[in-house]
Amino acid sequence: MSSEEVSDLESLVQPDLTYRATAGAPLPPDTPHASRDDIIAALKAVQDPELLLNVYELGLIYDIKQEPDGSVFVVMTLTSPTCPMAGEMPGMVANAVASVPGVGLVTVELTFEPPWTIERLSEDIRLMMGF
C-alpha cells in the first residue's frame, strides 16, 4: 500500500479508534483473489441487528480496499456512536468478508467521521422507508 493510500485511509479512521477487528489469514501465493462484487455480497449478508437491514445498503461501509496479497481493509461506521453493537459489528463484518473464497486477512476499523446520515442509505432502502 502506498503512503498516499495509507494517508487516505487514516483520514477516515479516528485517531483514538477503539473498535477494530481482524479475521482470516494470509492467502497462499497464486491464490485467485475474490472480486469486489463477492466482498460486497458478503457485506450485504451482515444485518444491523436493530434495523434488520444490511450494513452495505444502510451506507455503513465507507471504504473497501483490496490489496495485491488478497487482504482486505474495510472502514465502516454505525448509525449512532452510542450504538450498543459498536464492539461487535466490526467483528461481524470482518468474519463475513473473511469467509469469501479468495480473501486473505481482513481488517475492519470503525469510525464516526464523517458521521453517518440518512443520505448514505441506498436508493432501494430509501424507497422502502418512504424517503
# chains A, B, ... in the order shown; residues from 1 in each chain; ligands from 1
>>> residues_around(residues="A:His33", least_positions_apart="3", cutoff="8 Å", atoms="only C-alpha atoms", output="mmCIF file with N, CA and C atoms, in the first residue's frame")
data_model
loop_
_atom_site.group_PDB
_atom_site.id
_atom_site.type_symbol
_atom_site.label_atom_id
_atom_site.label_comp_id
_atom_site.auth_asym_id
_atom_site.auth_seq_id
_atom_site.Cartn_x
_atom_site.Cartn_y
_atom_site.Cartn_z
ATOM 1 N N GLY A 70 -4.319 -10.116 -1.390
ATOM 2 C CA GLY A 70 -5.629 -10.681 -1.087
ATOM 3 C C GLY A 70 -6.230 -10.198 0.224
ATOM 4 N N PRO A 101 -14.220 -16.907 -0.437
ATOM 5 C CA PRO A 101 -13.039 -17.525 -1.038
ATOM 6 C C PRO A 101 -12.221 -16.487 -1.802
ATOM 7 N N GLY A 102 -10.910 -16.522 -1.601
ATOM 8 C CA GLY A 102 -10.038 -15.566 -2.275
ATOM 9 C C GLY A 102 -9.787 -14.302 -1.491
ATOM 10 N N VAL A 103 -10.236 -14.280 -0.237
ATOM 11 C CA VAL A 103 -9.952 -13.152 0.657
ATOM 12 C C VAL A 103 -8.981 -13.656 1.713
#
>>> atom_distance(atom1="atom CA of A:Val100", atom2="atom CA of A:Ser71")
11.3 Å
>>> atom_distance(atom1="atom CA of A:Asp63", atom2="atom CA of A:Gly130")
26.4 Å
>>> closest_residue(among="A:Thr31, A:Thr107, A:Ser122, A:Thr117", to="A:Ser80", atoms="only C-alpha atoms")
A:Thr117
>>> atom_distance(atom1="atom CA of A:Leu105", atom2="atom CA of A:Thr22")
7.1 Å
